[in-house]
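Quick look at my_file_3.tsv (TSV, C-alpha atoms):
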```
chain	number	residue	atom	x	y	z
A	1407	MET	CA	-6.32	32.93	-3.54
A	1408	SER	CA	-10.03	32.69	-2.70
A	1409	ASP	CA	-10.63	29.39	-4.52
A	1410	GLU	CA	-11.13	26.42	-2.20
A	1411	VAL	CA	-10.60	22.77	-3.02
A	1412	THR	CA	-12.43	20.18	-0.97
A	1413	VAL	CA	-10.58	16.94	-0.29
A	1414	ILE	CA	-12.89	14.09	0.69
A	1415	GLY	CA	-10.89	11.54	2.63
A	1416	GLY	CA	-8.16	12.02	5.21
A	1417	GLY	CA	-6.01	9.04	4.34
A	1418	LEU	CA	-2.60	9.03	2.71
A	1419	GLY	CA	-3.77	10.27	-0.70
A	1420	GLY	CA	-6.03	12.93	0.79
A	1421	LEU	CA	-3.34	14.39	3.05
A	1422	VAL	CA	-0.73	14.44	0.28
A	1423	ALA	CA	-3.28	16.15	-1.97
A	1424	ALA	CA	-3.99	18.72	0.74
A	1425	ILE	CA	-0.30	19.52	1.15
A	1426	ALA	CA	0.29	19.75	-2.59
A	1427	ALA	CA	-2.76	21.99	-3.04
A	1428	ARG	CA	-1.62	24.35	-0.30
A	1429	GLU	CA	1.85	24.46	-1.84
A	1430	ALA	CA	0.14	25.46	-5.09
A	1431	GLY	CA	-1.61	28.34	-3.29
A	1432	LEU	CA	-5.10	26.85	-3.06
A	1433	ALA	CA	-7.33	27.04	0.00
A	1434	VAL	CA	-7.92	23.49	1.24
A	1435	ARG	CA	-10.63	21.83	3.28
A	1436	VAL	CA	-10.17	18.14	4.17
A	1437	ILE	CA	-13.23	16.18	5.24
A	1438	GLU	CA	-12.82	12.74	6.83
A	1439	ALA	CA	-15.84	10.61	7.69
A	1440	LYS	CA	-14.15	8.71	10.53
A	1441	SER	CA	-13.17	10.18	13.86
A	1442	GLU	CA	-9.48	9.70	13.06
A	1443	LEU	CA	-7.36	10.36	10.01
A	1444	GLY	CA	-5.36	7.70	8.23
A	1445	GLY	CA	-7.67	5.26	6.48
A	1446	ARG	CA	-5.60	2.19	5.64
A	1447	GLY	CA	-2.51	4.07	6.77
A	1448	SER	CA	-3.59	3.96	10.39
A	1449	SER	CA	-2.06	1.96	13.23
A	1450	LEU	CA	-3.42	0.71	16.53
A	1451	GLN	CA	-2.69	2.65	19.68
A	1452	GLY	CA	-1.66	1.09	22.96
A	1453	ARG	CA	0.74	-1.78	23.63
A	1454	TYR	CA	0.73	-3.13	20.07
A	1455	LYS	CA	1.01	-0.58	17.28
A	1456	ALA	CA	0.04	-2.83	14.38
A	1457	ASN	CA	-0.59	-1.30	10.98
A	1458	TRP	CA	-3.69	-2.11	8.93
A	1459	GLY	CA	-1.88	-4.97	7.24
A	1460	PRO	CA	1.83	-5.04	6.30
A	1461	HIS	CA	3.14	-1.58	5.45
A	1462	VAL	CA	6.55	-0.29	4.34
A	1463	LEU	CA	8.15	2.61	2.49
A	1464	TYR	CA	11.03	2.30	0.03
A	1465	ALA	CA	13.99	4.66	-0.02
A	1466	ASN	CA	14.29	4.38	-3.80
A	1467	GLY	CA	10.66	5.38	-4.30
A	1468	THR	CA	9.10	8.70	-5.26
A	1469	PHE	CA	7.06	9.00	-2.06
A	1470	TRP	CA	10.13	8.70	0.16
A	1471	GLN	CA	11.85	11.43	-1.84
A	1472	TRP	CA	8.74	13.62	-1.56
A	1473	LEU	CA	8.73	13.15	2.23
A	1474	HIS	CA	12.46	13.82	2.46
A	1475	GLU	CA	12.16	17.10	0.57
A	1476	ARG	CA	9.65	18.32	3.18
A	1477	GLY	CA	11.55	17.09	6.23
A	1478	LEU	CA	8.94	14.42	6.97
A	1479	SER	CA	11.01	11.26	6.51
A	1480	GLU	CA	12.96	11.22	9.76
A	1481	PRO	CA	13.38	9.68	12.26
A	1482	ALA	CA	13.15	6.36	10.47
A	1483	ALA	CA	14.88	3.00	10.51
A	1484	GLY	CA	16.31	0.94	7.70
A	1485	PRO	CA	16.34	-2.85	7.40
A	1486	ALA	CA	17.34	-4.67	10.57
A	1487	MET	CA	20.42	-6.87	10.87
A	1488	ALA	CA	18.31	-9.91	11.69
A	1489	PRO	CA	17.45	-13.27	10.12
A	1490	VAL	CA	15.74	-13.24	6.71
A	1491	ARG	CA	14.20	-16.53	5.62
A	1492	PHE	CA	12.60	-17.99	2.52
A	1493	ARG	CA	9.88	-20.62	2.71
A	1494	TRP	CA	10.43	-23.08	-0.09
A	1495	GLN	CA	8.90	-26.55	-0.25
A	1496	ARG	CA	7.31	-25.94	3.18
A	1497	GLU	CA	10.61	-25.29	4.96
A	1498	ALA	CA	12.32	-22.03	5.93
A	1499	HIS	CA	15.78	-21.54	4.40
A	1500	ARG	CA	18.49	-18.95	4.94
A	1501	VAL	CA	18.79	-18.28	1.23
A	1502	PRO	CA	16.40	-18.66	-1.70
A	1503	PRO	CA	16.94	-21.54	-4.15
A	1504	ARG	CA	20.17	-20.86	-6.03
A	1505	ARG	CA	18.52	-21.60	-9.35
A	1506	ALA	CA	15.80	-19.05	-8.58
A	1507	VAL	CA	18.41	-16.37	-7.86
A	1508	ILE	CA	20.20	-17.13	-11.12
A	1509	ALA	CA	16.90	-17.00	-13.00
A	1510	ALA	CA	15.99	-13.66	-11.39
A	1511	ARG	CA	19.33	-12.22	-12.49
A	1512	ARG	CA	18.80	-13.58	-15.99
A	1513	ILE	CA	15.57	-11.66	-16.50
A	1514	ARG	CA	16.74	-8.49	-14.73
A	1515	GLY	CA	17.03	-5.67	-17.21
A	1516	ARG	CA	14.70	-7.25	-19.73
A	1517	GLU	CA	11.67	-5.25	-20.76
A	1518	ALA	CA	8.62	-7.26	-19.72
A	1519	PRO	CA	5.51	-6.94	-21.89
A	1520	ALA	CA	2.07	-6.00	-20.63
A	1521	ASP	CA	0.22	-8.26	-23.03
A	1522	LEU	CA	1.57	-11.53	-21.56
A	1523	SER	CA	1.18	-12.96	-18.09
A	1524	PHE	CA	4.37	-13.11	-16.05
A	1525	ARG	CA	4.21	-16.92	-16.09
A	1526	ALA	CA	3.89	-17.08	-19.87
A	1527	TRP	CA	6.69	-14.55	-20.34
A	1528	ILE	CA	9.28	-16.33	-18.16
A	1529	ARG	CA	8.42	-19.83	-19.41
A	1530	PRO	CA	10.99	-19.82	-22.25
A	1531	LEU	CA	13.55	-17.85	-20.20
A	1532	VAL	CA	13.97	-19.85	-16.99
A	1533	ASP	CA	14.08	-23.43	-15.84
A	1534	GLU	CA	10.65	-24.89	-15.14
A	1535	SER	CA	11.80	-26.11	-11.72
A	1536	VAL	CA	12.13	-22.52	-10.43
A	1537	SER	CA	9.40	-20.76	-12.39
A	1538	SER	CA	6.94	-21.39	-9.55
A	1539	ALA	CA	9.22	-19.66	-7.02
A	1540	LEU	CA	9.69	-16.68	-9.34
A	1541	CYS	CA	5.93	-16.41	-9.81
A	1542	ARG	CA	5.28	-16.48	-6.05
A	1543	TRP	CA	8.16	-14.32	-4.83
A	1544	PRO	CA	6.54	-11.00	-5.92
A	1545	GLY	CA	3.47	-11.91	-3.85
A	1546	ALA	CA	5.13	-10.02	-1.00
A	1547	LEU	CA	4.31	-6.79	-2.90
A	1548	CYS	CA	1.40	-7.86	-5.12
A	1549	TYR	CA	-0.87	-9.09	-2.32
A	1550	HIS	CA	-2.24	-11.52	-4.88
A	1551	HIS	CA	-2.67	-15.27	-4.60
A	1552	ASP	CA	-0.87	-15.87	-7.93
A	1553	PRO	CA	1.29	-13.01	-9.29
A	1554	GLY	CA	2.25	-15.27	-12.19
A	1555	GLU	CA	-1.14	-14.74	-13.81
A	1556	LEU	CA	-0.81	-10.93	-13.81
A	1557	ALA	CA	0.75	-8.79	-16.54
A	1558	ALA	CA	4.46	-9.47	-16.86
A	1559	SER	CA	5.28	-5.74	-16.75
A	1560	PHE	CA	3.36	-5.40	-13.47
A	1561	THR	CA	4.87	-8.43	-11.72
A	1562	ILE	CA	8.47	-7.90	-12.81
A	1563	GLU	CA	8.53	-4.51	-11.05
A	1564	LYS	CA	7.62	-6.23	-7.79
A	1565	LEU	CA	10.18	-8.99	-8.31
A	1566	HIS	CA	12.93	-6.45	-8.89
A	1567	GLN	CA	12.02	-4.66	-5.66
A	1568	VAL	CA	12.04	-7.76	-3.43
A	1569	THR	CA	15.34	-8.97	-4.92
A	1570	ARG	CA	17.05	-5.58	-4.78
A	1571	PHE	CA	20.38	-5.31	-2.96
A	1572	PRO	CA	21.00	-3.47	-0.83
A	1573	PRO	CA	17.40	-3.56	0.38
A	1574	THR	CA	15.58	-0.23	0.58
A	1575	PRO	CA	12.70	-0.64	3.12
A	1576	ARG	CA	12.25	2.24	5.56
A	1577	TYR	CA	10.15	2.22	8.72
A	1578	LEU	CA	8.89	5.38	10.41
A	1579	ARG	CA	9.20	4.82	14.14
A	1580	GLY	CA	5.84	4.34	15.81
A	1581	GLY	CA	4.13	2.73	12.82
A	1582	TRP	CA	2.22	4.40	10.01
A	1583	ARG	CA	0.23	6.42	12.52
A	1584	THR	CA	3.45	8.44	12.80
A	1585	LEU	CA	3.39	9.08	9.05
A	1586	ILE	CA	-0.25	10.19	9.13
A	1587	GLU	CA	0.40	12.49	12.08
A	1588	ARG	CA	3.36	14.08	10.31
A	1589	LEU	CA	1.37	14.64	7.14
A	1590	ALA	CA	-1.63	16.06	9.01
A	1591	ALA	CA	0.55	18.38	11.09
A	1592	HIS	CA	2.36	19.61	7.98
A	1593	ALA	CA	-0.91	20.21	6.14
A	1594	THR	CA	-2.23	22.18	9.12
A	1595	ARG	CA	0.97	24.25	9.33
A	1596	LEU	CA	0.49	25.14	5.68
A	1597	GLY	CA	-3.03	26.35	6.43
A	1598	ALA	CA	-5.26	23.44	5.42
A	1599	SER	CA	-8.51	22.97	7.34
A	1600	ILE	CA	-9.09	19.37	8.50
A	1601	GLU	CA	-12.43	18.07	9.78
A	1602	THR	CA	-13.02	14.57	11.12
A	1603	GLY	CA	-16.31	12.81	11.80
A	1604	ALA	CA	-17.91	14.65	8.88
A	1605	ARG	CA	-19.49	12.40	6.27
A	1606	VAL	CA	-20.33	13.78	2.82
A	1607	GLY	CA	-23.52	12.62	1.11
A	1608	GLU	CA	-22.89	14.18	-2.30
A	1609	LEU	CA	-20.13	16.03	-4.06
A	1610	PRO	CA	-19.78	19.78	-3.67
A	1611	ASP	CA	-20.03	21.90	-6.82
A	1612	GLY	CA	-16.57	23.38	-6.43
A	1613	PRO	CA	-13.29	21.66	-7.27
A	1614	VAL	CA	-13.13	18.42	-5.30
A	1615	ILE	CA	-10.63	15.61	-4.82
A	1616	VAL	CA	-12.25	12.33	-3.83
A	1617	ALA	CA	-9.43	10.54	-2.02
A	1618	THR	CA	-11.10	7.30	-0.99
A	1619	ARG	CA	-11.17	3.68	-2.04
A	1620	LEU	CA	-12.06	3.47	-5.72
A	1621	GLU	CA	-15.24	1.56	-4.89
A	1622	THR	CA	-16.31	4.30	-2.47
A	1623	ALA	CA	-15.53	6.97	-5.05
A	1624	ALA	CA	-17.72	5.15	-7.60
A	1625	THR	CA	-20.65	5.27	-5.18
A	1626	LEU	CA	-20.10	8.90	-4.20
A	1627	THR	CA	-19.71	10.15	-7.77
A	1628	GLY	CA	-22.23	7.78	-9.35
A	1629	ASP	CA	-19.57	6.86	-11.90
A	1630	LYS	CA	-19.73	3.10	-12.53
A	1631	THR	CA	-16.63	3.22	-14.73
A	1632	LEU	CA	-14.54	3.72	-11.59
A	1633	ALA	CA	-13.53	0.08	-11.31
A	1634	TRP	CA	-10.30	-1.90	-11.49
A	1635	PRO	CA	-9.21	-5.37	-10.33
A	1636	GLY	CA	-7.78	-5.74	-6.88
A	1637	SER	CA	-7.23	-8.62	-4.53
A	1638	GLN	CA	-8.02	-9.81	-1.06
A	1639	ILE	CA	-5.75	-11.10	1.65
A	1640	ALA	CA	-5.98	-12.96	4.91
A	1641	ALA	CA	-3.77	-11.35	7.53
A	1642	VAL	CA	-2.71	-12.50	10.98
A	1643	ASP	CA	-1.10	-10.06	13.40
A	1644	VAL	CA	0.45	-11.55	16.51
A	1645	ALA	CA	2.61	-10.44	19.40
A	1646	VAL	CA	4.81	-13.22	20.72
A	1647	GLU	CA	7.38	-13.56	23.44
A	1648	ARG	CA	10.77	-12.99	21.88
A	1649	ARG	CA	12.97	-15.95	21.14
A	1650	ARG	CA	16.50	-15.92	19.81
A	1651	GLY	CA	16.55	-16.71	16.13
A	1652	ASP	CA	13.08	-15.41	15.34
A	1653	THR	CA	12.81	-14.46	11.67
A	1654	TYR	CA	12.79	-10.79	10.71
A	1655	VAL	CA	11.32	-11.16	7.18
A	1656	LEU	CA	9.91	-14.39	5.79
A	1657	PHE	CA	9.36	-14.49	2.02
A	1658	ASP	CA	6.99	-17.22	0.94
A	1659	LEU	CA	8.11	-18.81	-2.34
A	1660	ASP	CA	5.50	-21.54	-1.95
A	1661	GLU	CA	2.32	-19.47	-1.77
A	1662	GLY	CA	3.33	-15.83	-2.22
A	1663	GLY	CA	2.83	-14.74	1.39
A	1664	LEU	CA	4.92	-12.53	3.65
A	1665	ALA	CA	5.62	-12.26	7.37
A	1666	VAL	CA	7.56	-9.44	9.04
A	1667	ALA	CA	8.60	-8.96	12.65
A	1668	TYR	CA	8.31	-5.17	12.68
A	1669	THR	CA	9.83	-4.88	16.13
A	1670	TYR	CA	13.27	-5.70	14.75
A	1671	PRO	CA	13.64	-2.28	13.06
A	1672	ASP	CA	11.28	-0.53	15.52
A	1673	ALA	CA	11.15	-1.93	19.05
A	1674	SER	CA	8.60	0.68	20.13
A	1675	LEU	CA	5.74	-1.23	18.46
A	1676	ALA	CA	5.43	-3.76	21.31
A	1677	PRO	CA	6.68	-4.31	24.88
A	1678	PRO	CA	10.46	-4.91	25.08
A	1679	SER	CA	10.20	-8.67	25.57
A	1680	GLU	CA	7.87	-9.23	22.60
A	1681	HIS	CA	7.88	-9.26	18.81
A	1682	LEU	CA	5.04	-7.81	16.77
A	1683	ILE	CA	4.66	-9.96	13.64
A	1684	GLN	CA	2.34	-9.14	10.76
A	1685	ALA	CA	1.74	-11.86	8.17
A	1686	GLN	CA	-0.47	-12.07	5.09
A	1687	ILE	CA	-1.28	-14.30	2.17
A	1688	GLY	CA	-3.38	-13.71	-0.94
A	1689	MET	CA	-6.77	-15.39	-0.81
A	1690	ARG	CA	-7.69	-17.70	-3.67
A	1691	PRO	CA	-10.96	-17.29	-5.57
A	1692	ARG	CA	-13.88	-18.48	-3.44
A	1693	GLU	CA	-11.54	-19.45	-0.60
A	1694	ARG	CA	-13.05	-19.33	2.88
A	1695	SER	CA	-11.46	-16.93	5.35
A	1696	GLU	CA	-10.79	-19.78	7.77
A	1697	ALA	CA	-8.87	-21.76	5.16
A	1698	ALA	CA	-6.78	-18.75	4.18
A	1699	THR	CA	-6.03	-17.96	7.83
A	1700	GLU	CA	-4.81	-21.53	8.31
A	1701	ARG	CA	-2.40	-21.03	5.43
A	1702	VAL	CA	-1.06	-17.88	7.10
A	1703	GLU	CA	-0.61	-19.85	10.31
A	1704	ARG	CA	1.42	-22.50	8.47
A	1705	LEU	CA	3.59	-19.71	7.08
A	1706	LEU	CA	4.22	-18.51	10.62
A	1707	ASP	CA	5.05	-22.09	11.64
A	1708	ALA	CA	7.93	-22.05	9.17
A	1709	GLY	CA	9.54	-18.85	10.43
A	1710	TYR	CA	8.69	-18.64	14.12
A	1711	ARG	CA	9.13	-21.93	15.91
A	1712	GLY	CA	6.65	-22.41	18.75
A	1713	TRP	CA	4.90	-19.12	18.06
A	1714	ARG	CA	1.48	-20.51	18.97
A	1715	GLU	CA	2.56	-21.10	22.57
A	1716	ARG	CA	4.18	-17.66	22.81
A	1717	VAL	CA	1.24	-15.52	21.65
A	1718	THR	CA	0.32	-12.59	23.91
A	1719	TRP	CA	-1.98	-10.80	21.45
A	1720	ARG	CA	-3.60	-11.63	18.12
A	1721	ARG	CA	-5.74	-10.02	15.44
A	1722	ASP	CA	-7.12	-11.73	12.32
A	1723	LEU	CA	-8.11	-9.63	9.30
A	1724	ARG	CA	-9.63	-10.19	5.91
A	1725	LEU	CA	-8.85	-7.25	3.64
A	1726	VAL	CA	-11.00	-7.11	0.50
A	1727	GLN	CA	-10.06	-4.71	-2.29
A	1728	GLN	CA	-7.79	-2.83	0.11
A	1729	THR	CA	-4.37	-3.75	-1.23
A	1730	GLY	CA	-4.10	-1.68	-4.39
A	1731	ALA	CA	-4.48	-2.40	-8.08
A	1732	VAL	CA	-3.35	-5.47	-9.95
A	1733	ASP	CA	-2.91	-5.29	-13.70
A	1734	PRO	CA	-4.13	-8.29	-15.72
A	1735	PRO	CA	-2.39	-9.22	-18.98
A	1736	GLY	CA	-3.16	-6.70	-21.69
A	1737	SER	CA	-3.22	-3.74	-19.31
A	1738	SER	CA	-0.95	-1.42	-17.34
A	1739	TRP	CA	-1.35	1.45	-14.92
A	1740	ARG	CA	-2.09	3.68	-17.91
A	1741	ASP	CA	-5.36	1.79	-18.42
A	1742	ARG	CA	-6.67	2.36	-14.89
A	1743	PRO	CA	-9.37	4.98	-14.18
A	1744	ALA	CA	-8.16	8.51	-14.90
A	1745	VAL	CA	-7.58	10.89	-12.00
A	1746	ASP	CA	-9.30	13.81	-13.76
A	1747	ARG	CA	-13.01	12.92	-14.09
A	1748	GLY	CA	-13.98	16.25	-15.61
A	1749	ASP	CA	-16.02	19.20	-14.32
A	1750	GLY	CA	-13.60	19.83	-11.46
A	1751	VAL	CA	-13.82	16.31	-9.97
A	1752	PHE	CA	-10.67	14.28	-9.33
A	1753	VAL	CA	-10.41	10.77	-7.94
A	1754	VAL	CA	-7.32	9.70	-6.00
A	1755	SER	CA	-6.87	6.07	-5.00
A	1756	ASP	CA	-4.32	3.25	-5.12
A	1757	LYS	CA	-6.12	2.03	-8.26
A	1758	SER	CA	-5.89	5.32	-10.13
A	1759	ARG	CA	-4.04	5.97	-13.38
A	1760	ALA	CA	-0.68	6.74	-11.83
A	1761	PRO	CA	2.66	4.94	-11.65
A	1762	GLY	CA	4.35	3.71	-8.52
A	1763	LEU	CA	4.80	0.89	-6.08
A	1764	LEU	CA	2.15	0.25	-3.40
A	1765	SER	CA	1.38	3.55	-1.61
A	1766	GLU	CA	3.21	5.52	-4.29
A	1767	VAL	CA	0.21	5.08	-6.62
A	1768	SER	CA	-2.16	7.09	-4.43
A	1769	VAL	CA	0.56	9.67	-3.76
A	1770	ASN	CA	1.30	10.14	-7.46
A	1771	ALA	CA	-2.44	10.29	-8.17
A	1772	ALA	CA	-2.80	13.05	-5.57
A	1773	LEU	CA	0.02	15.06	-7.12
A	1774	THR	CA	-1.49	14.54	-10.57
A	1775	ALA	CA	-4.87	15.80	-9.33
A	1776	VAL	CA	-3.36	19.02	-7.99
A	1777	ARG	CA	-1.36	19.63	-11.17
A	1778	HIS	CA	-4.53	19.32	-13.23
A	1779	MET	CA	-6.60	21.27	-10.74
A	1780	THR	CA	-4.49	24.40	-10.88
A	1781	GLY	CA	-5.84	24.84	-14.39
A	1782	HIS	CA	-9.35	23.68	-13.55
A	1783	VAL	CA	-9.89	26.14	-10.71
A	1784	HIS	CA	-9.46	29.14	-13.00
A	1785	ARG	CA	-11.73	27.67	-15.68
A	1786	LEU	CA	-14.67	27.27	-13.31
A	1787	SER	CA	-17.37	29.90	-13.49
A	1788	PRO	CA	-17.70	32.38	-10.56
A	1789	ALA	CA	-21.01	30.77	-9.58
A	1790	ARG	CA	-19.40	27.34	-9.31
A	1791	ARG	CA	-16.38	28.71	-7.46
A	1792	ASN	CA	-18.69	30.09	-4.78
A	1793	ARG	CA	-20.45	26.76	-4.21
A	1794	THR	CA	-17.84	24.72	-2.39
A	1795	THR	CA	-19.66	23.55	0.73
A	1796	PRO	CA	-20.39	19.81	0.72
A	1797	ARG	CA	-23.87	18.71	1.66
A	1798	PRO	CA	-23.57	16.67	4.87
A	1799	VAL	CA	-25.63	13.57	5.54
```
Would you mind giving the structure from this file in structure tokens?
Amino acid sequence: MSDEVTVIGGGLGGLVAAIAAREAGLAVRVIEAKSELGGRGSSLQGRYKANWGPHVLYANGTFWQWLHERGLSEPAAGPAMAPVRFRWQREAHRVPPRRAVIAARRIRGREAPADLSFRAWIRPLVDESVSSALCRWPGALCYHHDPGELAASFTIEKLHQVTRFPPTPRYLRGGWRTLIERLAAHATRLGASIETGARVGELPDGPVIVATRLETAATLTGDKTLAWPGSQIAAVDVAVERRRGDTYVLFDLDEGGLAVAYTYPDASLAPPSEHLIQAQIGMRPRERSEAATERVERLLDAGYRGWRERVTWRRDLRLVQQTGAVDPPGSSWRDRPAVDRGDGVFVVSDKSRAPGLLSEVSVNAALTAVRHMTGHVHRLSPARRNRTTPRPV
């Protein structure tokens, strides 16, 4: 097929779109502005292979199944047999509050509405003494300072995932850089052309998938309706000398944060005698970065005794609008910006109109774009089909 689709962005959504488009028989050209692929799916190289914030895949998710079908999911590791802790009332505990567990079971299976906040929905269903913990627990997957104020249908999905047993996290060995490398190699094997260090100043006239942050896509397309609420987090990545009893996963029922020692399931991420820990907490409105970072440090205090004296490496991050969509009351993923923008332009992001958990949103958006595009390509006029070269800056 002579038609070519241009994919702008070589992150997770862009690479999945490239693979899906090649599988559909389309010629594919991927253009990435940075010198390396990956976007927010990248990891550091060297001694400490930290991801760009906490990252994980879920074996019960659509993306994992998609990877598995293409032989891209292995080798991988499941959850480690290591200590899991819950911060509650400023202390780390081996188990969550019993009343919170009972309350979580009570609301499991109920259909949560989109028009109420999660806090308002659970108020008549659970004891007030544990409603705060239930509202904060999903923060591990919402990346929001207060999941209780979001749509009940949005938050309950996250709560079900973090309370699922057996747990379903999967870790590709070597960090998410491994995932990006596998996707890029597979796309290349299928015949996709991938260019890095090539910035696009305006959209090409041919079919194009803009696989970037939604805010970047709005600038590139000039479409101001490409907007949806997100959040911001303060993250602290540290490598520490290993100590017996260090926590593997620390769920924060006080403030909705999360800390994970990724070297438990994948020891290759740091030197053998060290743990690589990545921790985050949702930033409050108008909160200073320093104040939020201090809250992350107090979270680490609860799960990793004496960590400050054991630090061998550290990186502090503030991630703004880089943690996916959050749905306010009265909305759902169906209300987010549509993938198909018309005239052969498709926008793929983790805030697009697509279902899924975390990275699954951008993946499902990419697959949606290609499904729609297979019809769009043949509807374009011959003149437009021949004009597929982006104008570089």
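The environment of Val1769 in chain A within 10 Å, counting all atoms listed in the file and disregarding residues fewer than 6 places along the same chain, consists of Leu1418, Gly1419, Gly1420, Leu1421, Val1422, Ala1423, Thr1468, Phe1469, Trp1472, Val1754, Ser1755, Asp1756, Ala1760, Pro1761, Gly1762 and Ala1775 of chain A.
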Quick one: residues within 10 Å of Ser1674 in chain A, all atoms listed in the file, excluding same-chain residues fewer than 5 positions away - as a ChimeraX atom specification? /A:1453-1455,1579-1581,1668-1669,1682
Using Å and a single decimal, report how far CA of Ile1615 in chain A sits from CA of Arg1759 in chain A. 14.5 Å
Given the choices A:Arg1576, A:Thr1584, A:Ser1538, A:Ala1510, which gets closest to Ser1448 in chain A if the distance is worked out from only C-alpha atoms?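 Closest to Ser1448 in chain A, using only C-alpha atoms: A:Thr1584.
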Nearest to Pro1481 in chain A among A:Arg1588, A:Val1532, A:Glu1661, A:Ala1623, with distances taken over all atoms listed in the file: which residue is it?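 Comparing A:Arg1588, A:Val1532, A:Glu1661, A:Ala1623 against Pro1481 in chain A, the winner is A:Arg1588.
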(-7.9, 22.2, 5.5) in this file's frame - what residues fall within 6 Å of it? Use all atoms listed in the file and give the answer as a VMD selection string. chain A and resid 1434 to 1436 1598 to 1600
Residues just named, written with C-alpha atoms as a compact mmCIF listing (two decimals), keeping the file's coordinate frame:
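Result went into result_4.txt, see below:
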```txt
# COMPACT_ATOMS: atom_id res chain seq x y z
CA VAL A 1434 -7.92 23.49 1.24
CA ARG A 1435 -10.63 21.83 3.28
CA VAL A 1436 -10.17 18.14 4.17
CA ALA A 1598 -5.26 23.44 5.42
CA SER A 1599 -8.51 22.97 7.34
CA ILE A 1600 -9.09 19.37 8.50
```
Residue nearest Ala1673 in chain A among A:Arg1701, A:Arg1692, A:Arg1529, A:Arg1648 (counting only C-alpha atoms):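 Nearest candidate to Ala1673 in chain A out of A:Arg1701, A:Arg1692, A:Arg1529, A:Arg1648: A:Arg1648.
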May I have a table of the residues of range 1629-1720 of chain A lying at most 8 Å from range 1482-1506 of chain A, giving each one's closest pair of atoms and their distance in Å to one decimal, counting only C-alpha atoms, ordered by chain and ascending residue number, as CSV?
```
residue,atom,partner,partner_atom,distance
A:Gly1651,CA,A:Pro1489,CA,7.0
A:Asp1652,CA,A:Pro1489,CA,7.1
A:Thr1653,CA,A:Pro1489,CA,5.0
A:Tyr1654,CA,A:Pro1489,CA,5.3
A:Val1655,CA,A:Val1490,CA,4.9
A:Leu1656,CA,A:Arg1491,CA,4.8
A:Phe1657,CA,A:Phe1492,CA,4.8
A:Asp1658,CA,A:Arg1493,CA,4.8
A:Leu1659,CA,A:Trp1494,CA,5.4
A:Asp1660,CA,A:Trp1494,CA,5.5
A:Tyr1670,CA,A:Ala1486,CA,5.9
A:Pro1671,CA,A:Ala1486,CA,5.1
A:Asp1672,CA,A:Ala1483,CA,7.1
A:Leu1705,CA,A:Arg1493,CA,7.7
A:Ala1708,CA,A:Ala1498,CA,5.5
A:Gly1709,CA,A:Ala1498,CA,6.2
```
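Atom to atom, CA of Arg1446 in chain A and CA of Leu1664 in chain A stand 18.2 Å apart.
Using all atoms listed in the file, the smallest distance between any of A:Gly1477, A:Pro1553, A:Gly1662, A:Gly1730 and Ile1687 in chain A comes from A:Gly1662.
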A:Leu1725, A:Ile1508, A:Leu1478, A:Ala1744 ranked by distance to Leu1589 in chain A, top pick (using only C-alpha atoms):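 Selected residue with least distance to Leu1589 in chain A: A:Leu1478.
Using only C-alpha atoms for every distance, the candidate list A:Val1614, A:Leu1764, A:Leu1432, A:Val1726 yields A:Val1726 as the residue closest to Pro1635 in chain A.
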Selection near Asn1466 in chain A, 10 Å with only C-alpha atoms, sequence-local residues under 3 positions removed, as a list of chain:residue names: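 With the cut-off at 10 Å, the set is A:Leu1463, A:Phe1469, A:Trp1470, A:Gln1471, A:Gln1567, A:Pro1573, A:Thr1574, A:Pro1575, A:Arg1576.
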